[in-house]
>>> print(open('final-v3.txt').read())   # compact mmCIF, C-alpha atoms
# COMPACT_ATOMS: atom_id res chain seq x y z
CA MET A 1 59.92 -24.91 -25.98
CA LYS A 2 63.13 -25.99 -27.71
CA PHE A 3 63.06 -26.39 -31.46
CA ALA A 4 63.78 -30.13 -31.29
CA GLN A 5 60.58 -30.64 -29.30
CA GLU A 6 58.61 -28.32 -31.58
CA PHE A 7 59.91 -30.20 -34.61
CA ARG A 8 58.85 -33.60 -33.25
CA LYS A 9 55.47 -32.19 -32.21
CA SER A 10 54.84 -30.75 -35.68
CA LEU A 11 55.66 -34.07 -37.34
CA GLN A 12 53.20 -35.85 -35.05
CA GLN A 13 50.31 -33.36 -35.16
CA GLU A 14 50.20 -32.34 -38.83
CA GLY A 15 48.97 -35.75 -39.96
CA PHE A 16 51.87 -36.46 -42.31
CA PRO A 17 52.13 -40.01 -43.73
CA GLN A 18 54.46 -42.24 -41.74
CA LYS A 19 56.76 -42.51 -44.75
CA TRP A 20 57.21 -38.73 -44.63
CA VAL A 21 57.84 -38.71 -40.88
CA ASP A 22 60.51 -41.42 -41.23
CA SER A 23 62.25 -39.32 -43.89
CA ALA A 24 62.27 -36.08 -41.88
CA VAL A 25 65.52 -34.36 -40.88
CA PRO A 26 67.11 -36.34 -37.96
CA TYR A 27 67.53 -33.21 -35.87
CA GLY A 28 68.34 -35.03 -32.63
CA GLN A 29 70.99 -37.21 -34.29
CA LEU A 30 72.58 -34.15 -35.87
CA LYS A 31 72.74 -32.40 -32.49
CA LYS A 32 74.58 -35.37 -30.99
CA CYS A 33 77.01 -35.43 -33.90
CA LEU A 34 77.55 -31.68 -33.56
CA LYS A 35 78.58 -32.24 -29.94
CA LYS A 36 81.25 -34.65 -31.19
CA VAL A 37 82.48 -32.01 -33.64
CA THR A 38 82.84 -29.36 -30.93
CA ASN A 39 84.63 -31.82 -28.60
CA GLU A 40 87.01 -32.80 -31.39
CA LEU A 41 87.85 -29.17 -32.15
CA ARG A 42 88.27 -28.36 -28.47
CA GLU A 43 90.74 -31.23 -28.03
CA LEU A 44 92.80 -29.73 -30.86
CA GLY A 45 92.79 -26.32 -29.20
CA LEU A 46 90.33 -24.96 -31.77
CA ASP A 47 87.38 -23.99 -29.61
CA LYS A 48 84.75 -21.60 -30.97
CA ASP A 49 86.26 -18.53 -29.30
CA THR A 50 89.70 -19.20 -30.79
CA LEU A 51 88.26 -19.77 -34.27
CA ALA A 52 86.10 -16.65 -33.97
CA GLN A 53 89.19 -14.64 -32.99
CA LEU A 54 91.16 -16.02 -35.92
CA ALA A 55 88.31 -15.29 -38.33
CA ALA A 56 88.05 -11.71 -37.06
CA GLY A 57 91.79 -11.11 -37.57
CA GLU A 58 92.14 -12.61 -41.06
CA LYS A 59 92.90 -9.20 -42.58
CA ASP A 60 95.97 -8.83 -40.39
CA PRO A 61 98.91 -10.34 -42.36
CA SER A 62 100.69 -11.32 -39.15
CA THR A 63 97.90 -13.56 -37.83
CA VAL A 64 96.91 -17.13 -38.50
CA GLY A 65 94.09 -17.49 -41.04
CA PHE A 66 91.82 -20.40 -41.89
CA HIS A 67 89.22 -21.45 -44.46
CA TYR A 68 86.45 -23.99 -44.03
CA HIS A 69 85.08 -25.23 -47.36
CA LEU A 70 82.39 -27.75 -48.23
CA ASP A 71 83.45 -28.32 -51.82
CA GLY A 72 85.94 -31.14 -51.33
CA LYS A 73 84.86 -34.44 -52.94
CA ALA A 74 85.35 -37.75 -51.15
CA ALA A 75 86.76 -40.44 -53.40
CA ASP A 76 84.24 -43.16 -52.41
CA SER A 77 81.13 -41.00 -52.09
CA LYS A 78 78.95 -38.64 -54.09
CA HIS A 79 78.86 -36.28 -51.12
CA PHE A 80 81.25 -33.41 -50.55
CA ARG A 81 83.98 -33.61 -47.91
CA PRO A 82 84.45 -30.55 -45.67
CA ARG A 83 87.98 -29.19 -45.39
CA LEU A 84 89.50 -27.08 -42.64
CA THR A 85 92.65 -25.39 -43.94
CA PHE A 86 94.99 -23.18 -41.87
CA PHE A 87 97.56 -20.66 -43.10
CA ILE A 88 100.14 -20.57 -40.31
CA HIS A 89 102.70 -17.76 -40.03
CA LEU A 90 105.97 -19.35 -38.86
CA ARG A 91 109.39 -18.07 -37.86
CA ASP A 92 111.91 -20.81 -37.20
CA GLY A 93 109.06 -23.32 -37.00
CA VAL A 94 107.21 -21.35 -34.32
CA ALA A 95 103.74 -19.82 -34.81
CA VAL A 96 104.15 -16.09 -34.26
CA ASP A 97 100.54 -15.05 -33.57
CA ALA A 98 100.50 -13.90 -29.96
CA LYS A 99 96.70 -14.24 -29.79
CA LEU A 100 96.88 -18.04 -29.90
CA THR A 101 96.40 -20.04 -26.76
CA PRO A 102 99.30 -22.35 -25.82
CA SER A 103 97.34 -25.50 -26.72
CA THR A 104 96.33 -24.07 -30.12
CA ARG A 105 99.88 -22.92 -30.85
CA ASP A 106 101.31 -26.34 -29.91
CA PHE A 107 98.80 -28.11 -32.17
CA LEU A 108 99.43 -25.85 -35.19
CA GLU A 109 103.21 -26.08 -34.79
CA LYS A 110 102.97 -29.86 -34.50
CA ILE A 111 100.84 -30.32 -37.62
CA ALA A 112 102.93 -27.80 -39.58
CA SER A 113 106.09 -29.65 -38.62
CA ARG A 114 104.52 -33.01 -39.54
CA THR A 115 103.43 -31.67 -42.93
CA ARG A 116 106.81 -30.12 -43.66
CA ASP A 117 108.82 -33.20 -42.65
CA THR A 118 106.65 -35.63 -44.64
CA SER A 119 108.03 -36.00 -48.16
CA PRO A 120 105.80 -37.52 -50.83
CA ASP A 121 108.90 -38.57 -52.82
CA GLY A 122 110.16 -40.93 -50.15
CA PRO A 123 109.34 -44.65 -50.27
CA ASN A 124 106.23 -45.81 -48.37
CA GLN A 125 105.53 -42.26 -47.23
CA PRO A 126 101.89 -41.08 -47.25
CA GLU A 127 101.05 -37.81 -48.97
CA PRO A 128 100.00 -34.93 -46.76
CA ALA A 129 96.40 -33.84 -47.09
CA VAL A 130 97.06 -30.32 -48.42
CA SER A 131 100.30 -28.52 -47.75
CA ALA A 132 102.45 -25.75 -49.11
CA GLU A 133 105.17 -23.52 -47.71
CA LEU A 134 105.03 -19.94 -48.95
CA THR A 135 106.85 -16.74 -48.14
CA SER A 136 104.88 -13.78 -46.98
CA PRO A 137 102.95 -12.06 -49.80
CA HIS A 138 104.48 -8.70 -48.90
CA SER A 139 108.01 -9.65 -49.95
CA PRO A 140 109.83 -12.80 -50.97
CA ASP A 141 112.38 -12.12 -48.23
CA PHE A 142 110.05 -10.65 -45.63
CA SER A 143 111.85 -9.66 -42.42
CA SER A 144 111.28 -7.17 -39.66
CA SER A 145 113.31 -4.01 -39.22
CA SER A 146 115.25 -5.64 -36.40
CA GLY A 147 116.80 -8.18 -38.78
CA GLU A 148 114.77 -11.18 -37.68
CA ASP A 149 114.52 -14.34 -39.77
CA PRO A 150 112.07 -14.33 -42.70
CA LEU A 151 108.41 -15.01 -41.95
CA SER A 152 106.95 -17.99 -43.88
CA ILE A 153 103.40 -19.17 -44.37
CA GLN A 154 102.60 -22.86 -43.98
CA ARG A 155 99.28 -24.12 -45.41
CA VAL A 156 97.98 -27.26 -43.75
CA GLU A 157 94.71 -29.16 -43.75
CA VAL A 158 93.50 -30.16 -40.30
CA PRO A 159 92.25 -33.77 -40.30
CA LEU A 160 88.78 -33.80 -38.73
CA VAL A 161 86.49 -36.83 -38.47
CA PHE A 162 83.15 -35.89 -36.99
CA ASP A 163 82.40 -32.87 -39.19
CA GLY A 164 82.47 -35.26 -42.15
CA GLU A 165 80.03 -37.53 -40.32
CA PHE A 166 77.76 -34.55 -39.55
CA PHE A 167 77.55 -33.36 -43.15
CA ASP A 168 77.27 -36.88 -44.51
CA ILE A 169 74.11 -37.38 -42.42
CA LEU A 170 72.75 -33.99 -43.43
CA GLN A 171 73.51 -34.43 -47.14
CA THR A 172 71.97 -37.91 -47.22
CA ASP A 173 68.82 -36.68 -45.54
CA VAL A 174 68.42 -33.63 -47.76
CA SER A 175 68.90 -35.83 -50.82
CA ASN A 176 66.32 -38.35 -49.56
CA LEU A 177 63.84 -35.55 -48.81
CA GLY A 178 64.34 -34.17 -52.29
CA ASN A 179 63.61 -37.59 -53.80
CA LEU A 180 60.53 -38.00 -51.60
CA GLN A 181 59.15 -34.62 -52.59
CA GLU A 182 59.82 -35.33 -56.25
CA GLU A 183 57.91 -38.60 -55.92
CA GLU A 184 54.96 -36.90 -54.20
CA GLN A 185 54.99 -34.06 -56.71
CA ASP A 186 54.83 -36.54 -59.60
CA LYS A 187 51.86 -38.30 -57.97
CA LEU A 188 50.05 -35.02 -57.46
CA ALA A 189 50.81 -33.94 -61.01
CA LYS A 190 49.17 -37.09 -62.35
CA GLN A 191 46.12 -36.46 -60.14
CA ILE A 192 45.85 -32.93 -61.52
CA THR A 193 45.99 -34.22 -65.10
CA VAL A 194 43.25 -36.82 -64.50
CA LEU A 195 41.11 -34.29 -62.62
CA GLY A 196 41.39 -31.83 -65.50
CA GLN A 197 40.28 -34.49 -67.95
CA ASP A 198 37.28 -35.39 -65.78
CA ILE A 199 36.18 -31.76 -65.40
CA ASN A 200 36.54 -31.27 -69.14
CA LYS A 201 34.31 -34.27 -69.83
CA ALA A 202 31.71 -33.24 -67.24
CA THR A 203 31.40 -29.68 -68.53
CA LYS A 204 31.27 -30.28 -72.28
CA PRO A 205 28.39 -28.08 -73.52
CA THR A 206 27.37 -30.81 -75.96
CA ARG A 207 26.39 -33.05 -73.05
CA GLY A 208 23.20 -31.10 -72.41
CA ARG A 209 21.72 -28.30 -70.35
CA LYS A 210 23.09 -29.56 -67.02
CA ALA A 211 26.62 -29.67 -68.42
CA ARG A 212 26.28 -26.11 -69.72
CA GLY A 213 25.05 -25.03 -66.29
CA ASP A 214 27.97 -26.76 -64.55
CA LEU A 215 30.36 -25.12 -67.00
CA GLU A 216 29.24 -21.69 -65.83
CA THR A 217 29.51 -22.76 -62.19
CA TRP A 218 33.02 -24.13 -62.67
CA ARG A 219 33.95 -20.88 -64.37
CA ASN A 220 32.85 -18.98 -61.26
CA ILE A 221 34.69 -21.42 -58.98
CA PHE A 222 37.95 -21.02 -60.88
CA GLU A 223 37.58 -17.24 -60.96
CA LEU A 224 37.41 -17.28 -57.15
CA TYR A 225 40.36 -19.68 -57.02
CA LEU A 226 42.50 -17.40 -59.15
CA ASP A 227 41.50 -14.41 -57.02
CA ALA A 228 42.48 -16.31 -53.85
CA ARG A 229 46.08 -16.86 -55.05
CA ILE A 230 46.39 -19.63 -52.48
CA PHE A 231 49.92 -20.89 -53.03
CA PHE A 232 51.54 -18.37 -55.33
CA SER A 233 50.85 -14.72 -56.00
CA THR A 234 51.76 -12.64 -59.03
CA ARG A 235 50.67 -9.34 -57.55
CA GLU A 236 53.33 -6.72 -57.07
CA ASN A 237 52.70 -6.17 -53.35
CA ASP A 238 52.99 -9.87 -52.37
CA HIS A 239 54.70 -11.56 -55.31
CA GLY A 240 56.07 -15.06 -54.82
CA THR A 241 55.37 -18.31 -52.99
CA ARG A 242 53.15 -18.07 -49.93
CA THR A 243 53.99 -19.66 -46.60
CA SER A 244 51.85 -22.56 -45.40
CA ALA A 245 50.12 -20.27 -42.88
CA GLN A 246 49.23 -17.78 -45.61
CA ALA A 247 48.07 -20.60 -47.89
CA VAL A 248 45.75 -21.93 -45.18
CA GLU A 249 44.11 -18.51 -44.79
CA GLN A 250 43.67 -18.09 -48.54
CA LEU A 251 42.24 -21.59 -48.92
CA ARG A 252 39.74 -20.89 -46.15
CA TRP A 253 38.71 -17.67 -47.88
CA PHE A 254 38.18 -19.52 -51.15
CA GLN A 255 36.02 -22.20 -49.51
CA SER A 256 33.96 -19.64 -47.64
CA GLN A 257 33.29 -17.71 -50.85
CA VAL A 258 32.21 -20.88 -52.67
CA LEU A 259 29.81 -21.73 -49.84
CA SER A 260 28.41 -18.22 -49.47
CA ARG A 261 27.63 -18.06 -53.21
CA LYS A 262 26.11 -21.57 -53.11
CA LEU A 263 28.22 -22.66 -56.05
CA ILE A 264 28.38 -26.27 -54.87
CA HIS A 265 24.57 -26.50 -54.92
CA ASN A 266 24.62 -25.19 -58.49
CA LEU A 267 26.60 -28.22 -59.66
CA LYS A 268 23.91 -30.45 -61.17
CA LEU A 269 25.98 -33.42 -62.30
CA GLU A 270 27.30 -35.99 -59.82
CA ASN A 271 30.60 -36.12 -61.71
CA SER A 272 31.03 -32.38 -61.18
CA ARG A 273 30.38 -32.63 -57.44
CA GLN A 274 32.88 -35.46 -57.12
CA ALA A 275 35.40 -33.50 -59.14
CA TYR A 276 35.02 -30.52 -56.79
CA SER A 277 35.72 -32.75 -53.76
CA ARG A 278 38.84 -34.09 -55.48
CA PHE A 279 39.86 -30.54 -56.36
CA LEU A 280 39.75 -29.58 -52.65
CA ASN A 281 41.67 -32.73 -51.72
CA THR A 282 44.34 -31.87 -54.28
CA ASN A 283 44.79 -28.45 -52.71
CA ALA A 284 44.90 -29.98 -49.23
CA LEU A 285 47.64 -32.39 -50.33
CA LEU A 286 49.63 -29.57 -51.91
CA LEU A 287 49.29 -27.63 -48.66
CA GLN A 288 50.56 -30.64 -46.71
CA ILE A 289 53.59 -30.93 -49.01
CA LEU A 290 54.29 -27.22 -48.48
CA LYS A 291 54.11 -27.60 -44.68
CA PHE A 292 56.43 -30.61 -44.71
CA GLN A 293 58.89 -28.74 -46.90
CA GLU A 294 58.83 -25.72 -44.60
CA ILE A 295 59.46 -27.51 -41.30
CA ASN A 296 62.31 -29.57 -42.76
CA SER A 297 63.90 -26.51 -44.39
CA LEU A 298 63.64 -24.76 -41.02
CA ALA A 299 65.26 -27.74 -39.31
CA VAL A 300 68.19 -27.62 -41.76
CA THR A 301 68.56 -23.86 -41.21
CA LYS A 302 68.45 -24.26 -37.41
CA ILE A 303 71.04 -27.03 -37.24
CA LEU A 304 73.43 -25.15 -39.54
CA LYS A 305 73.12 -22.00 -37.42
CA LYS A 306 73.76 -24.10 -34.33
CA PHE A 307 76.81 -25.55 -36.07
CA ASP A 308 78.14 -22.05 -36.74
CA LYS A 309 77.35 -20.88 -33.22
CA ARG A 310 79.23 -23.74 -31.58
CA THR A 311 82.19 -23.92 -33.98
CA SER A 312 82.53 -20.43 -35.58
CA LEU A 313 83.27 -22.15 -38.91
CA GLY A 314 80.55 -20.29 -40.85
CA VAL A 315 78.78 -22.80 -43.10
CA SER A 316 75.10 -21.82 -42.83
CA ARG A 317 75.22 -19.77 -46.05
CA GLU A 318 77.50 -22.06 -48.00
CA PHE A 319 75.62 -25.35 -47.41
CA PRO A 320 72.43 -24.57 -49.45
CA VAL A 321 74.58 -23.40 -52.38
CA THR A 322 76.83 -26.45 -52.25
CA VAL A 323 74.03 -29.00 -51.94
CA GLN A 324 71.85 -27.36 -54.66
CA SER A 325 68.59 -28.98 -53.55
CA ASN A 326 65.88 -27.54 -55.82
CA ARG A 327 63.18 -29.57 -54.09
CA LEU A 328 63.77 -28.92 -50.39
CA LEU A 329 65.86 -25.76 -50.06
CA ALA A 330 64.68 -23.73 -53.05
CA GLY A 331 60.93 -23.97 -52.51
CA ASN A 332 59.84 -24.59 -56.09
CA VAL A 333 57.19 -27.26 -55.44
CA ALA A 334 54.23 -24.93 -54.92
CA ARG A 335 55.18 -22.77 -57.90
CA ASP A 336 55.58 -25.76 -60.24
CA LEU A 337 52.32 -27.39 -59.22
CA CYS A 338 50.40 -24.12 -59.41
CA ALA A 339 51.67 -23.67 -62.95
CA GLN A 340 50.47 -27.16 -63.83
CA MET A 341 47.05 -26.55 -62.22
CA SER A 342 46.71 -23.42 -64.31
CA SER A 343 47.69 -25.13 -67.57
CA GLU A 344 45.95 -28.50 -67.16
CA LEU A 345 43.07 -27.84 -64.78
CA ILE A 346 41.83 -24.27 -64.79
CA SER A 347 42.37 -23.87 -68.53
CA VAL A 348 39.90 -26.68 -69.35
CA VAL A 349 37.13 -24.25 -68.33
CA PRO A 350 37.60 -21.27 -70.69
CA GLN A 351 37.53 -17.87 -69.01
CA LEU A 352 35.76 -14.97 -70.73
CA ASP A 353 38.70 -12.61 -70.13
CA ASP A 354 40.81 -14.67 -72.53
CA TYR A 355 38.38 -14.11 -75.42
CA LEU A 356 37.59 -10.40 -75.22
CA CYS A 357 38.11 -7.96 -78.06
CA PRO A 358 41.00 -5.63 -77.08
CA ILE A 359 39.05 -2.63 -78.43
CA CYS A 360 35.49 -2.92 -77.09
CA PHE A 361 36.25 -5.39 -74.26
CA ALA A 362 33.22 -7.52 -75.16
CA VAL A 363 33.47 -11.08 -76.40
CA ALA A 364 35.25 -11.00 -79.77
CA TYR A 365 32.42 -12.51 -81.75
CA TRP A 366 32.57 -12.67 -85.46
CA PRO A 367 36.26 -12.96 -84.74
CA VAL A 368 38.66 -11.75 -87.40
CA ARG A 369 42.27 -12.91 -87.20
CA LEU A 370 44.57 -10.38 -88.87
CA ASP A 371 47.74 -11.39 -90.66
CA CYS A 372 49.66 -10.46 -87.51
CA GLN A 373 47.54 -13.15 -85.70
CA HIS A 374 45.79 -10.68 -83.38
CA ILE A 375 42.04 -11.23 -83.09
CA PHE A 376 39.31 -8.57 -82.92
CA CYS A 377 35.55 -8.55 -83.35
CA SER A 378 34.50 -7.66 -86.92
CA ARG A 379 32.42 -4.68 -85.77
CA CYS A 380 35.41 -2.89 -84.28
CA LEU A 381 37.53 -3.51 -87.38
CA VAL A 382 34.78 -2.14 -89.65
CA LYS A 383 34.63 1.08 -87.65
CA MET A 384 38.43 1.41 -87.74
CA SER A 385 38.54 0.88 -91.50
CA ARG A 386 35.87 3.56 -92.00
CA LYS A 387 38.16 6.00 -90.21
CA GLY A 388 40.97 5.10 -92.60
CA GLU A 389 43.12 3.40 -89.97
CA ARG A 390 45.51 0.78 -91.36
CA LEU A 391 47.54 -0.39 -88.34
CA CYS A 392 46.83 -3.20 -85.89
CA PRO A 393 45.93 -1.60 -82.53
CA LEU A 394 48.24 -4.02 -80.68
CA CYS A 395 51.39 -4.44 -82.76
CA ARG A 396 51.02 -1.51 -85.19
CA ALA A 397 51.52 -3.77 -88.23
CA ASP A 398 50.04 -2.47 -91.52
CA VAL A 399 47.51 -5.31 -91.91
CA LEU A 400 44.06 -3.83 -91.30
CA MET A 401 43.18 -2.98 -94.92
CA ARG A 402 44.29 -6.43 -96.11
CA ALA A 403 41.72 -8.23 -93.95
CA GLY A 404 38.95 -9.99 -95.86
CA LEU A 405 36.54 -12.87 -95.59
CA GLU A 406 39.42 -15.32 -95.46
CA ASN A 407 40.49 -13.77 -92.13
CA PHE A 408 37.27 -14.83 -90.43
CA ASP A 409 38.13 -17.45 -87.76
CA SER A 410 35.27 -19.93 -88.08
CA LYS A 411 36.69 -22.39 -85.55
CA ARG A 412 36.98 -19.70 -82.89
CA ALA A 413 33.46 -18.49 -83.69
CA ALA A 414 32.10 -22.04 -83.18
CA PHE A 415 34.08 -22.31 -79.93
CA LEU A 416 32.64 -19.03 -78.62
CA ARG A 417 29.08 -20.08 -79.49
CA GLU A 418 29.61 -23.35 -77.64
CA TYR A 419 31.29 -22.08 -74.47
CA PHE A 420 29.94 -18.52 -74.20
CA PRO A 421 26.40 -18.64 -75.65
CA LYS A 422 25.00 -15.86 -73.45
CA GLU A 423 27.82 -13.47 -74.20
CA VAL A 424 27.65 -14.22 -77.92
CA LYS A 425 23.89 -13.50 -78.05
CA GLU A 426 24.40 -10.23 -76.18
CA LYS A 427 27.22 -9.26 -78.55
CA ILE A 428 25.00 -9.96 -81.59
CA ARG A 429 22.19 -7.83 -80.14
CA ALA A 430 24.64 -5.01 -79.34
CA ASN A 431 25.99 -5.07 -82.90
CA GLU A 432 22.45 -4.92 -84.31
CA ARG A 433 21.53 -1.95 -82.11
CA GLU A 434 24.64 -0.07 -83.12
CA ARG A 435 24.10 -0.79 -86.83
CA ASN A 436 20.45 0.32 -86.63
CA ARG A 437 21.49 3.60 -85.01
CA GLU A 438 23.85 4.19 -87.91
CA ILE A 439 20.96 3.58 -90.36
CA PHE A 440 18.03 5.21 -88.57
CA GLY A 441 19.83 7.84 -86.50
CA PRO A 442 20.89 8.21 -82.87
CA ASP A 443 17.26 8.36 -81.64
CA TYR A 444 16.65 4.76 -82.66
CA THR A 445 15.45 2.54 -79.80
CA ASP A 446 15.34 -1.20 -79.79
CA SER A 447 11.65 -1.56 -78.95
CA PRO A 448 9.14 -4.19 -80.13
CA CYS A 449 6.87 -3.31 -83.02
CA SER A 450 3.30 -2.35 -82.03
CA VAL A 451 0.34 -2.80 -84.39
CA MET A 452 -2.39 -0.20 -84.09
>>> encode(input="final-v3.txt", output="structure tokens")
Amino acid sequence: MKFAQEFRKSLQQEGFPQKWVDSAVPYGQLKKCLKKVTNELRELGLDKDTLAQLAAGEKDPSTVGFHYHLDGKAADSKHFRPRLTFFIHLRDGVAVDAKLTPSTRDFLEKIASRTRDTSPDGPNQPEPAVSAELTSPHSPDFSSSSGEDPLSIQRVEVPLVFDGEFFDILQTDVSNLGNLQEEEQDKLAKQITVLGQDINKATKPTRGRKARGDLETWRNIFELYLDARIFFSTRENDHGTRTSAQAVEQLRWFQSQVLSRKLIHNLKLENSRQAYSRFLNTNALLLQILKFQEINSLAVTKILKKFDKRTSLGVSREFPVTVQSNRLLAGNVARDLCAQMSSELISVVPQLDDYLCPICFAVAYWPVRLDCQHIFCSRCLVKMSRKGERLCPLCRADVLMRAGLENFDSKRAAFLREYFPKEVKEKIRANERERNREIFGPDYTDSPCSVM
């Protein structure tokens, strides 16, 4: 199946909104315009084989060379204007490259003669597009050993029409797609912010036992979500943005894990269950944006490769750099939204790993904030001070012996008691057992008292 048919089929079957479909790359229209470009070049004697031959022989100083750039700016448009410039080697007004076909040689000699004879100083005379007459770079009076006339280089810009039309369509569409994706990304970003606020309200421990239970469930859900790395991975072996196919597989894995662990059934509050449904819908919408971005980026890549194949002008690499579309061609949408989900959604449910003591790897309860701003549990710092250690274990600053009661972080301690009550109770019991062993010896066991 040809790509044009696959492209239309994807737009119809993926369930994209009609507004998105109407804004998709007009691949068929671009193909028709490309046919006009090739016909125009062929009429000028610049078919793809001739241009490919000229491009291959650019290093030979005796051959005709050309450059095709996309950086020219049209006076009445924000879009660039492509320019096809030839450097013609002439001797007595005749192109000397023997590789040129008769029609190509006639065209180049004609346009070189027209450029040379047109004087911008004369009255009512139009300026040539781009022109210059240079001597050969090897010598200002370059001539062959047989005493022939000097070889000159004439630079002329070939006036094309339909390549400008082709790139005007493509630039307009890429710009419109970028604006559409920015609009959809802003909408999704607002949804993420509101969803984060709702989850935060529903899981406040002060709202009762059900809220505390849902907080633990949401913590487990987000742990699975982070492990899934659905849209963006930070692991060394697969770092970067995932494709839509990979994202679908990872999203399925996440949903299957949530179901197998019965986490949805553990959500007691109706607000939490609704928030979970909206959370899945948000991920589905982000996946849809990623798919739409991929198929349109592929369409742009395909049509540019087809342009190069049929014209030999070589623009497929230059176009993305010239257009500088961060939305469509750079693929930053998934990364940006994942960063926002992490900062505004997942972070509203505190994760235990963010509040561990770097020494004992238990919750840092009775937290002490040293002057260097690193936080440890008081038990670990007491043991370090007994050994005479003075340096912070993380930054090696000499702050340990200066720590006192004023370094106790009461706000963090209240936060830990509120959001991690089980872990805090276990930490307190562990500290008591360790302190009792220091007092009563290593054989001490934490057993209930028995009355005889």
>>> atom_distance(input="final-v3.txt", atom1="atom CA of Thr311 of chain A", atom2="atom CA of Pro82 of chain A")
13.6 Å
>>> residues_around(input="final-v3.txt", residues="segment 350-355 of chain A", least_positions_apart="6", cutoff="12 Å", atoms="all atoms listed in the file", output="NGL selection string")
:A and (199-200 or 203-205 or 215-224 or 226 or 342-344 or 361-367 or 374-377 or 412-413 or 415-424)
>>> atom_distance(input="final-v3.txt", atom1="atom CA of Arg81 of chain A", atom2="atom CA of Val37 of chain A")
14.4 Å
>>> closest_residue(input="final-v3.txt", among="A:Cys360, A:Leu405, A:Glu270, A:Ser385", to="Ala430 of chain A", atoms="all atoms listed in the file")
A:Cys360
>>> closest_residue(input="final-v3.txt", among="A:Lys305, A:Cys372, A:Gln13, A:Asn271", to="Arg402 of chain A", atoms="all atoms listed in the file")
A:Cys372
>>> residues_around(input="final-v3.txt", residues="segment 283-298 of chain A", least_positions_apart="4", cutoff="10 Å", atoms="all atoms listed in the file", output="PyMOL selection string")
chain A and resi 3+6-7+10-11+14-17+20-21+23-27+174+177-178+181+184-185+188+192+230-231+242-245+247-248+251+278-279+302-304+327-334+337-338+341
>>> closest_residue(input="final-v3.txt", among="A:Arg155, A:Ser347, A:Gly213, A:Arg229", to="Thr193 of chain A", atoms="only C-alpha atoms")
A:Ser347
>>> atom_distance(input="final-v3.txt", atom1="atom CA of Phe80 of chain A", atom2="atom CA of Asn39 of chain A")
22.3 Å
>>> residues_around(input="final-v3.txt", residues="Met401 of chain A", least_positions_apart="2", cutoff="12 Å", atoms="all atoms listed in the file", output="PyMOL selection string")
chain A and resi 370-371+381-392+397-399+403-405+407
>>> closest_residue(input="final-v3.txt", among="A:Pro442, A:Gly164, A:Gly28, A:Gly196", to="Gln5 of chain A", atoms="all atoms listed in the file")
A:Gly28
